[in-house]
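File shown: structure-v1.cif. Contents: mmCIF, C-alpha atoms and all ligand atoms.
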```cif
data_run
loop_
_atom_site.group_PDB
_atom_site.id
_atom_site.type_symbol
_atom_site.label_atom_id
_atom_site.label_comp_id
_atom_site.auth_asym_id
_atom_site.auth_seq_id
_atom_site.Cartn_x
_atom_site.Cartn_y
_atom_site.Cartn_z
ATOM 1 C CA MET A 26 15.189 -12.282 -25.002
ATOM 2 C CA SER A 27 13.550 -9.829 -27.384
ATOM 3 C CA GLY A 28 15.606 -7.304 -29.317
ATOM 4 C CA ALA A 29 14.545 -4.488 -26.989
ATOM 5 C CA GLU A 30 15.410 -6.542 -23.890
ATOM 6 C CA GLN A 31 18.822 -7.331 -25.325
ATOM 7 C CA TYR A 32 19.383 -3.660 -26.113
ATOM 8 C CA TYR A 33 18.599 -2.526 -22.557
ATOM 9 C CA ALA A 34 20.580 -5.410 -21.020
ATOM 10 C CA GLU A 35 23.614 -4.213 -22.973
ATOM 11 C CA LEU A 36 22.928 -0.602 -22.041
ATOM 12 C CA GLY A 37 22.576 -1.544 -18.371
ATOM 13 C CA ARG A 38 25.869 -3.386 -18.474
ATOM 14 C CA LYS A 39 27.532 -0.316 -19.997
ATOM 15 C CA LEU A 40 26.004 2.025 -17.431
ATOM 16 C CA PHE A 41 27.411 0.003 -14.552
ATOM 17 C CA THR A 42 30.890 -0.535 -15.951
ATOM 18 C CA GLY A 43 31.261 3.220 -15.425
ATOM 19 C CA GLU A 44 33.147 4.595 -12.432
ATOM 20 C CA TRP A 45 30.619 5.205 -9.642
ATOM 21 C CA ALA A 46 31.588 7.506 -6.801
ATOM 22 C CA PHE A 47 30.105 9.075 -3.700
ATOM 23 C CA GLU A 48 28.793 12.559 -4.396
ATOM 24 C CA TRP A 49 26.839 13.908 -1.417
ATOM 25 C CA ALA A 50 25.308 13.010 1.955
ATOM 26 C CA ALA A 51 22.278 14.677 3.519
ATOM 27 C CA ALA A 52 21.276 14.100 7.131
ATOM 28 C CA SER A 53 18.588 16.796 7.066
ATOM 29 C CA GLN A 54 16.299 18.593 4.642
ATOM 30 C CA ALA A 55 18.640 21.611 4.574
ATOM 31 C CA GLN A 56 21.496 19.427 3.346
ATOM 32 C CA LEU A 57 19.709 17.978 0.320
ATOM 33 C CA PRO A 58 21.490 18.793 -2.952
ATOM 34 C CA PRO A 59 19.532 20.796 -5.536
ATOM 35 C CA SER A 60 17.168 18.564 -7.504
ATOM 36 C CA ASP A 61 18.987 19.164 -10.770
ATOM 37 C CA LYS A 62 19.593 15.562 -11.843
ATOM 38 C CA LEU A 63 17.626 12.435 -12.536
ATOM 39 C CA GLU A 64 17.501 10.408 -9.312
ATOM 40 C CA ILE A 65 16.754 6.745 -8.641
ATOM 41 C CA ALA A 66 16.513 5.855 -4.970
ATOM 42 C CA PHE A 67 16.669 2.647 -2.907
ATOM 43 C CA ALA A 68 14.393 2.512 0.119
ATOM 44 C CA GLY A 69 13.350 -0.202 2.573
ATOM 45 C CA ARG A 70 13.573 -1.522 6.107
ATOM 46 C CA SER A 71 16.925 -1.455 7.863
ATOM 47 C CA ASN A 72 19.094 -4.444 7.006
ATOM 48 C CA VAL A 73 17.111 -5.379 3.875
ATOM 49 C CA GLY A 74 20.253 -4.899 1.767
ATOM 50 C CA LYS A 75 19.935 -1.463 0.123
ATOM 51 C CA SER A 76 23.596 -0.509 0.461
ATOM 52 C CA SER A 77 24.719 -4.022 -0.506
ATOM 53 C CA LEU A 78 22.572 -3.943 -3.639
ATOM 54 C CA LEU A 79 24.060 -0.573 -4.639
ATOM 55 C CA ASN A 80 27.562 -1.955 -4.192
ATOM 56 C CA ALA A 81 26.747 -5.061 -6.219
ATOM 57 C CA LEU A 82 25.120 -3.027 -8.997
ATOM 58 C CA THR A 83 28.072 -0.676 -9.303
ATOM 59 C CA ASN A 84 30.677 -3.435 -8.893
ATOM 60 C CA ARG A 85 32.130 -1.568 -5.920
ATOM 61 C CA LYS A 86 32.690 -3.460 -2.656
ATOM 62 C CA SER A 87 32.348 -0.495 -0.350
ATOM 63 C CA LEU A 88 30.857 2.399 -2.260
ATOM 64 C CA ALA A 89 27.960 2.398 0.202
ATOM 65 C CA ARG A 90 28.666 1.302 3.766
ATOM 66 C CA THR A 91 26.947 -1.896 4.841
ATOM 67 C CA SER A 92 26.597 -3.633 8.180
ATOM 68 C CA GLN A 93 25.155 -6.714 9.820
ATOM 69 C CA LYS A 94 23.589 -4.393 12.373
ATOM 70 C CA PRO A 95 20.483 -2.528 11.244
ATOM 71 C CA GLY A 96 20.642 1.257 11.089
ATOM 72 C CA ARG A 97 23.976 1.538 9.265
ATOM 73 C CA THR A 98 22.941 4.170 6.713
ATOM 74 C CA ARG A 99 21.852 7.310 8.533
ATOM 75 C CA GLU A 100 21.759 9.854 5.751
ATOM 76 C CA LEU A 101 20.591 10.014 2.176
ATOM 77 C CA ASN A 102 23.730 9.168 0.214
ATOM 78 C CA PHE A 103 23.999 10.254 -3.405
ATOM 79 C CA PHE A 104 26.218 8.510 -5.960
ATOM 80 C CA ALA A 105 27.164 9.593 -9.468
ATOM 81 C CA VAL A 106 28.896 7.926 -12.387
ATOM 82 C CA ASN A 107 31.890 9.509 -14.083
ATOM 83 C CA GLY A 108 33.607 8.896 -17.347
ATOM 84 C CA LEU A 109 33.316 9.306 -21.063
ATOM 85 C CA ASN A 110 29.795 8.493 -22.296
ATOM 86 C CA ALA A 111 28.426 8.169 -18.745
ATOM 87 C CA PRO A 112 25.176 9.983 -17.948
ATOM 88 C CA ALA A 113 26.412 12.979 -15.917
ATOM 89 C CA ALA A 114 22.887 13.965 -14.958
ATOM 90 C CA LEU A 115 22.133 10.811 -12.962
ATOM 91 C CA ARG A 116 22.278 10.022 -9.244
ATOM 92 C CA LEU A 117 21.591 6.809 -7.372
ATOM 93 C CA VAL A 118 20.408 7.405 -3.829
ATOM 94 C CA ASP A 119 20.914 5.097 -0.837
ATOM 95 C CA MET A 120 18.259 5.884 1.758
ATOM 96 C CA PRO A 121 18.412 5.264 5.492
ATOM 97 C CA GLY A 122 16.313 2.262 6.510
ATOM 98 C CA TYR A 123 13.141 2.275 8.593
ATOM 99 C CA GLY A 124 11.417 -0.154 10.936
ATOM 100 C CA TYR A 125 14.392 -0.577 13.235
ATOM 101 C CA ALA A 126 12.971 -0.856 16.749
ATOM 102 C CA ALA A 127 16.049 0.435 18.584
ATOM 103 C CA VAL A 128 15.819 3.845 16.910
ATOM 104 C CA GLY A 129 14.585 6.509 19.333
ATOM 105 C CA ARG A 130 11.416 8.473 18.710
ATOM 106 C CA GLU A 131 13.375 11.646 17.946
ATOM 107 C CA ARG A 132 15.507 10.047 15.255
ATOM 108 C CA SER A 133 12.513 8.279 13.839
ATOM 109 C CA ALA A 134 10.646 11.620 13.513
ATOM 110 C CA ALA A 135 13.704 13.223 11.892
ATOM 111 C CA TRP A 136 13.833 10.299 9.438
ATOM 112 C CA GLY A 137 10.150 10.793 8.593
ATOM 113 C CA GLY A 138 10.661 14.521 7.939
ATOM 114 C CA LEU A 139 13.669 13.964 5.716
ATOM 115 C CA ILE A 140 11.955 11.217 3.717
ATOM 116 C CA GLU A 141 8.739 13.216 3.285
ATOM 117 C CA GLU A 142 10.756 16.187 2.042
ATOM 118 C CA PHE A 143 12.741 14.000 -0.310
ATOM 119 C CA LEU A 144 9.633 12.337 -1.751
ATOM 120 C CA ARG A 145 7.816 15.624 -2.188
ATOM 121 C CA GLY A 146 10.515 17.995 -3.313
ATOM 122 C CA ARG A 147 12.520 16.185 -5.985
ATOM 123 C CA ALA A 148 11.547 17.125 -9.509
ATOM 124 C CA GLY A 149 14.115 14.689 -10.906
ATOM 125 C CA LEU A 150 13.115 11.664 -8.820
ATOM 126 C CA ALA A 151 12.358 9.065 -11.494
ATOM 127 C CA ARG A 152 11.766 6.003 -9.320
ATOM 128 C CA ILE A 153 12.002 4.590 -5.837
ATOM 129 C CA PHE A 154 12.969 0.948 -5.633
ATOM 130 C CA LEU A 155 11.365 -0.364 -2.484
ATOM 131 C CA LEU A 156 13.393 -3.293 -1.169
ATOM 132 C CA VAL A 157 11.783 -6.070 0.848
ATOM 133 C CA ASP A 158 13.577 -9.092 2.317
ATOM 134 C CA GLY A 159 12.593 -12.073 0.163
ATOM 135 C CA ARG A 160 12.594 -14.347 3.227
ATOM 136 C CA HIS A 161 10.088 -12.290 5.182
ATOM 137 C CA GLY A 162 7.839 -10.474 2.720
ATOM 138 C CA LEU A 163 6.151 -7.142 3.429
ATOM 139 C CA LYS A 164 5.955 -5.936 7.034
ATOM 140 C CA GLU A 165 3.770 -3.359 8.730
ATOM 141 C CA SER A 166 6.430 -0.649 8.287
ATOM 142 C CA ASP A 167 6.588 -1.416 4.542
ATOM 143 C CA LEU A 168 2.846 -0.822 4.263
ATOM 144 C CA LYS A 169 3.332 2.588 5.875
ATOM 145 C CA MET A 170 6.085 3.335 3.367
ATOM 146 C CA LEU A 171 3.807 2.248 0.502
ATOM 147 C CA ASP A 172 1.170 4.692 1.762
ATOM 148 C CA ARG A 173 3.773 7.464 1.822
ATOM 149 C CA LEU A 174 4.786 6.561 -1.734
ATOM 150 C CA ASP A 175 1.166 6.572 -2.936
ATOM 151 C CA ARG A 176 0.657 10.015 -1.393
ATOM 152 C CA SER A 177 3.845 11.368 -2.968
ATOM 153 C CA ALA A 178 2.904 10.285 -6.514
ATOM 154 C CA VAL A 179 6.466 9.065 -7.150
ATOM 155 C CA SER A 180 6.872 6.030 -9.397
ATOM 156 C CA TYR A 181 7.909 3.037 -7.284
ATOM 157 C CA GLN A 182 8.766 -0.602 -7.797
ATOM 158 C CA LEU A 183 9.227 -3.521 -5.423
ATOM 159 C CA ILE A 184 12.449 -5.532 -5.283
ATOM 160 C CA LEU A 185 12.708 -8.693 -3.182
ATOM 161 C CA THR A 186 16.248 -9.117 -1.834
ATOM 162 C CA LYS A 187 18.503 -11.909 -0.513
ATOM 163 C CA LYS A 188 17.261 -14.412 -3.060
ATOM 164 C CA ASP A 189 20.238 -16.648 -2.192
ATOM 165 C CA GLU A 190 18.793 -17.074 1.306
ATOM 166 C CA VAL A 191 15.379 -18.234 0.096
ATOM 167 C CA LYS A 192 14.931 -21.990 -0.387
ATOM 168 C CA ALA A 193 14.697 -22.964 -4.051
ATOM 169 C CA CYS A 194 11.163 -24.319 -3.599
ATOM 170 C CA ALA A 195 9.966 -21.074 -1.962
ATOM 171 C CA LYS A 196 11.398 -18.537 -4.442
ATOM 172 C CA GLU A 197 8.542 -18.686 -6.899
ATOM 173 C CA ALA A 198 5.861 -18.438 -4.223
ATOM 174 C CA ALA A 199 7.599 -15.440 -2.603
ATOM 175 C CA LEU A 200 7.678 -13.621 -5.940
ATOM 176 C CA ALA A 201 4.087 -14.537 -6.789
ATOM 177 C CA ALA A 202 2.824 -13.335 -3.388
ATOM 178 C CA ALA A 203 4.629 -10.002 -3.775
ATOM 179 C CA GLN A 204 3.317 -9.598 -7.315
ATOM 180 C CA THR A 205 -0.272 -10.293 -6.247
ATOM 181 C CA PHE A 206 0.068 -7.806 -3.422
ATOM 182 C CA MET A 207 1.530 -5.060 -5.618
ATOM 183 C CA ALA A 208 -1.094 -5.572 -8.322
ATOM 184 C CA LYS A 209 -3.596 -4.034 -5.883
ATOM 185 C CA ARG A 210 -1.567 -0.817 -5.705
ATOM 186 C CA PRO A 211 -2.280 1.038 -8.920
ATOM 187 C CA ALA A 212 0.552 3.552 -8.451
ATOM 188 C CA ALA A 213 3.164 0.776 -8.285
ATOM 189 C CA PHE A 214 5.224 -0.336 -11.263
ATOM 190 C CA PRO A 215 3.719 -3.811 -11.785
ATOM 191 C CA GLU A 216 6.875 -5.895 -12.261
ATOM 192 C CA VAL A 217 8.502 -7.183 -9.046
ATOM 193 C CA MET A 218 12.197 -8.094 -9.197
ATOM 194 C CA PHE A 219 14.071 -10.657 -7.101
ATOM 195 C CA THR A 220 17.770 -10.025 -6.502
ATOM 196 C CA SER A 221 20.770 -11.226 -4.558
ATOM 197 C CA ALA A 222 23.722 -8.956 -3.884
ATOM 198 C CA HIS A 223 25.738 -12.060 -2.995
ATOM 199 C CA THR A 224 25.134 -14.270 -6.047
ATOM 200 C CA GLU A 225 24.262 -11.363 -8.392
ATOM 201 C CA GLU A 226 20.990 -13.050 -9.413
ATOM 202 C CA GLY A 227 18.604 -10.502 -10.923
ATOM 203 C CA LEU A 228 21.252 -7.798 -11.184
ATOM 204 C CA SER A 229 21.471 -7.664 -14.980
ATOM 205 C CA GLU A 230 17.658 -7.278 -15.130
ATOM 206 C CA LEU A 231 17.824 -4.457 -12.575
ATOM 207 C CA ARG A 232 20.689 -2.769 -14.439
ATOM 208 C CA ALA A 233 18.666 -3.017 -17.654
ATOM 209 C CA SER A 234 15.574 -1.465 -16.100
ATOM 210 C CA ILE A 235 17.636 1.407 -14.653
ATOM 211 C CA ALA A 236 19.267 2.031 -18.038
ATOM 212 C CA LYS A 237 15.826 2.052 -19.665
ATOM 213 C CA LEU A 238 14.529 4.535 -17.122
ATOM 214 C CA VAL A 239 17.515 6.833 -17.642
ATOM 215 C CA ALA A 240 17.186 6.653 -21.433
ATOM 216 C CA GLU A 241 13.422 7.246 -21.331
ATOM 217 C CA HIS A 242 13.929 10.338 -19.189
ATOM 218 C CA GLY A 243 16.373 11.724 -21.716
ATOM 219 C CA ALA A 244 19.232 11.818 -19.194
ATOM 220 C CA TRP A 245 21.469 9.788 -21.469
ATOM 221 C CA ASN A 246 21.993 9.441 -25.161
ATOM 222 C CA PRO A 247 22.362 5.678 -25.427
ATOM 223 C CA ALA A 248 22.261 5.666 -29.229
ATOM 224 C CA GLY A 249 25.504 7.628 -29.187
ATOM 225 C CA VAL A 250 27.039 5.334 -26.571
ATOM 226 C CA LEU A 251 26.411 2.118 -28.463
ATOM 227 C CA ARG A 252 27.252 3.647 -31.860
ATOM 228 C CA ARG A 253 30.626 4.782 -30.606
ATOM 229 C CA GLU A 254 31.168 1.220 -29.446
ATOM 230 C CA GLY A 255 30.733 0.152 -33.047
ATOM 231 C CA ARG A 256 27.135 -1.128 -32.994
HETATM 232 N N1 LIG B 1 22.585 -13.488 2.003
HETATM 233 C C1 LIG B 1 22.508 -12.213 1.633
HETATM 234 N N2 LIG B 1 22.782 -11.244 2.529
HETATM 235 C C2 LIG B 1 22.701 -9.971 2.125
HETATM 236 C C3 LIG B 1 22.310 -9.608 0.801
HETATM 237 N N3 LIG B 1 22.302 -8.263 0.719
HETATM 238 C C4 LIG B 1 22.673 -7.805 1.939
HETATM 239 N N4 LIG B 1 22.910 -8.817 2.786
HETATM 240 C C5 LIG B 1 23.350 -8.704 4.186
HETATM 241 O O1 LIG B 1 22.375 -7.989 4.932
HETATM 242 C C6 LIG B 1 22.991 -7.141 5.901
HETATM 243 C C7 LIG B 1 22.510 -5.703 5.746
HETATM 244 O O2 LIG B 1 22.947 -5.204 4.514
HETATM 245 P P1 LIG B 1 22.986 -3.632 4.199
HETATM 246 O O3 LIG B 1 23.265 -3.527 2.746
HETATM 247 O O4 LIG B 1 23.869 -2.914 5.135
HETATM 248 O O5 LIG B 1 21.458 -3.247 4.499
HETATM 249 P P2 LIG B 1 20.754 -1.812 4.420
HETATM 250 O O6 LIG B 1 19.385 -2.049 3.879
HETATM 251 O O7 LIG B 1 21.606 -0.850 3.689
HETATM 252 O O8 LIG B 1 20.634 -1.433 5.976
HETATM 253 P P3 LIG B 1 20.516 0.042 6.668
HETATM 254 O O9 LIG B 1 21.613 0.894 6.122
HETATM 255 O O10 LIG B 1 20.663 -0.279 8.114
HETATM 256 O O11 LIG B 1 19.153 0.564 6.347
HETATM 257 C C8 LIG B 1 24.494 -7.329 5.717
HETATM 258 O O12 LIG B 1 24.959 -8.277 6.672
HETATM 259 C C9 LIG B 1 24.612 -7.871 4.304
HETATM 260 O O13 LIG B 1 25.752 -8.666 4.097
HETATM 261 C C10 LIG B 1 22.027 -10.681 -0.119
HETATM 262 O O14 LIG B 1 21.678 -10.497 -1.298
HETATM 263 N N5 LIG B 1 22.140 -11.944 0.346
HETATM 264 MG MG MG B 2 22.403 0.926 4.259
#
```

Can you turn what I pasted into structure tokens?
Amino acid sequence: MSGAEQYYAELGRKLFTGEWAFEWAAASQAQLPPSDKLEIAFAGRSNVGKSSLLNALTNRKSLARTSQKPGRTRELNFFAVNGLNAPAALRLVDMPGYGYAAVGRERSAAWGGLIEEFLRGRAGLARIFLLVDGRHGLKESDLKMLDRLDRSAVSYQLILTKKDEVKACAKEAALAAAQTFMAKRPAAFPEVMFTSAHTEEGLSELRASIAKLVAEHGAWNPAGVLRREGR
């Protein structure tokens, strides 16, 4: 690990030892909170593990509600971290999933409207992590989401999930295929991550990249945080 990598790994660890709590839920455009904070959102097909990844990241078993049945998260849920030295101007956002066949046309249209509004109207939206099931790779509905993201000009990055469920011999190929695919999308952040909410693989890397993003956007004064810790 380089010095910079070590620094952000430590910062990421610090960020997620903070006390994360639910802040706000929005089921419609009118209910969105003002865009007055830095936001990092988790998007993806239903059941891909967005809420589980948020829980694992924040070390909270049931901060975000999860379910074996797709369609559990129905609103945009906003989470904030409290405590001394925590970045008060930061929100993590759990998004409702897409691509769930049993959802009616009406709800699907409402989802589209809410997501479009969210992608277009958030000045503080620093990145969307687009989650894709590591066992299955990108699906048709993910390609539609990627098109939406390209149109919105938001920075986005792919995360493969459920690494624990992928056979050891297939992990590398799954990552390589996703990386090759994303390299053709110039608006995408080039690095693809591979995580497991169950075994915590890849979580310290994800925490580090979130901490880096927050620091780069000036929403946190990490120098102060680590200095006070005696570094
Ligand atoms: N094996 C394994 N299962 C996981 C992992 N992450 C999530 N799951 C399981 O996948 C299912 C769906 O997880 P959720 O976190 O609710 O998925 P979601 O993307 O939030 O789904 P929606 O809210 O419906 O969009 C649950 O049964 C989880 O236990 C993982 O890393 N490994
Ligand atoms: Mg969910």

Given a cut-off of 6 Å, what residues near ligand LIG 1 (chain B) show up using all atoms listed in the file, put as number ranges by chain? A: 70-77, 91-93, 95-98, 121-122, 186-187, 189-190, 221-223

Evaluated on this file, the PyMOL selection byres (((chain A and resi 108) around 10) and not hetatm) picks out some residues - which ones are they, written as a list of chain:residue names?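 Applied to this file, the PyMOL selection byres (((chain A and resi 108) around 10) and not hetatm) returns A:Thr42, A:Gly43, A:Glu44, A:Trp45, A:Val106, A:Asn107, A:Leu109, A:Asn110, A:Ala111, A:Pro112, A:Ala113.
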
I'd like to know which of A:Met26, A:Leu156, A:Leu171, A:Leu144 is closest to ligand MG 2 (chain B), using only C-alpha atoms and all ligand atoms.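 Using only C-alpha atoms and all ligand atoms, ligand MG 2 (chain B) sits closest to A:Leu156.
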
The PyMOL selection byres (((chain A and resi 197) around 12) and not hetatm) applied to the shown file, residues as a ChimeraX atom specification: /A:159-160,185,188,191-196,198-204,217-219

Produce the centre coordinates and the three edge lengths, each in Å to one decimal, of the box along x, y and z that contains all listed atoms of range 66-74 of chain A with 3 Å added on each side, as JSON.
```
{"center_x": 16.8, "center_y": 0.2, "center_z": 1.4, "size_x": 12.9, "size_y": 17.2, "size_z": 18.8}
```

In Å, with one decimal, what is the gap from CA of Met207 in chain A to CA of Met120 in chain A?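 Separation between CA of Met207 in chain A and CA of Met120 in chain A: 21.3 Å.
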
Evaluate the PyMOL selection byres (((chain A and resi 236) around 7) and not hetatm) against this structure - the residues, as a PyMOL selection string, please. chain A and resi 33+36-37+40+232-235+237-240

Mind checking which residues fall within 9 Å of Glu225 in chain A, counting only C-alpha atoms, ignoring those fewer than 6 positions away in the same chain, and posting them as a VMD selection string? chain A and resid 78 81 to 82

Two-atom distance - CA of Lys62 in chain A, CA of Ala114 in chain A (Å):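 Pair CA of Lys62 in chain A / CA of Ala114 in chain A returns 4.8 Å.
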
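Taking CA of Ser133 in chain A as the reference point, CA of Tyr181 in chain A is found at 22.2 Å.
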
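Closest approach to ligand MG 2 (chain B) from the set A:Ala29, A:Leu155, A:Ala52, A:Leu79 is made by A:Leu79, with distances taken over all atoms listed in the file.
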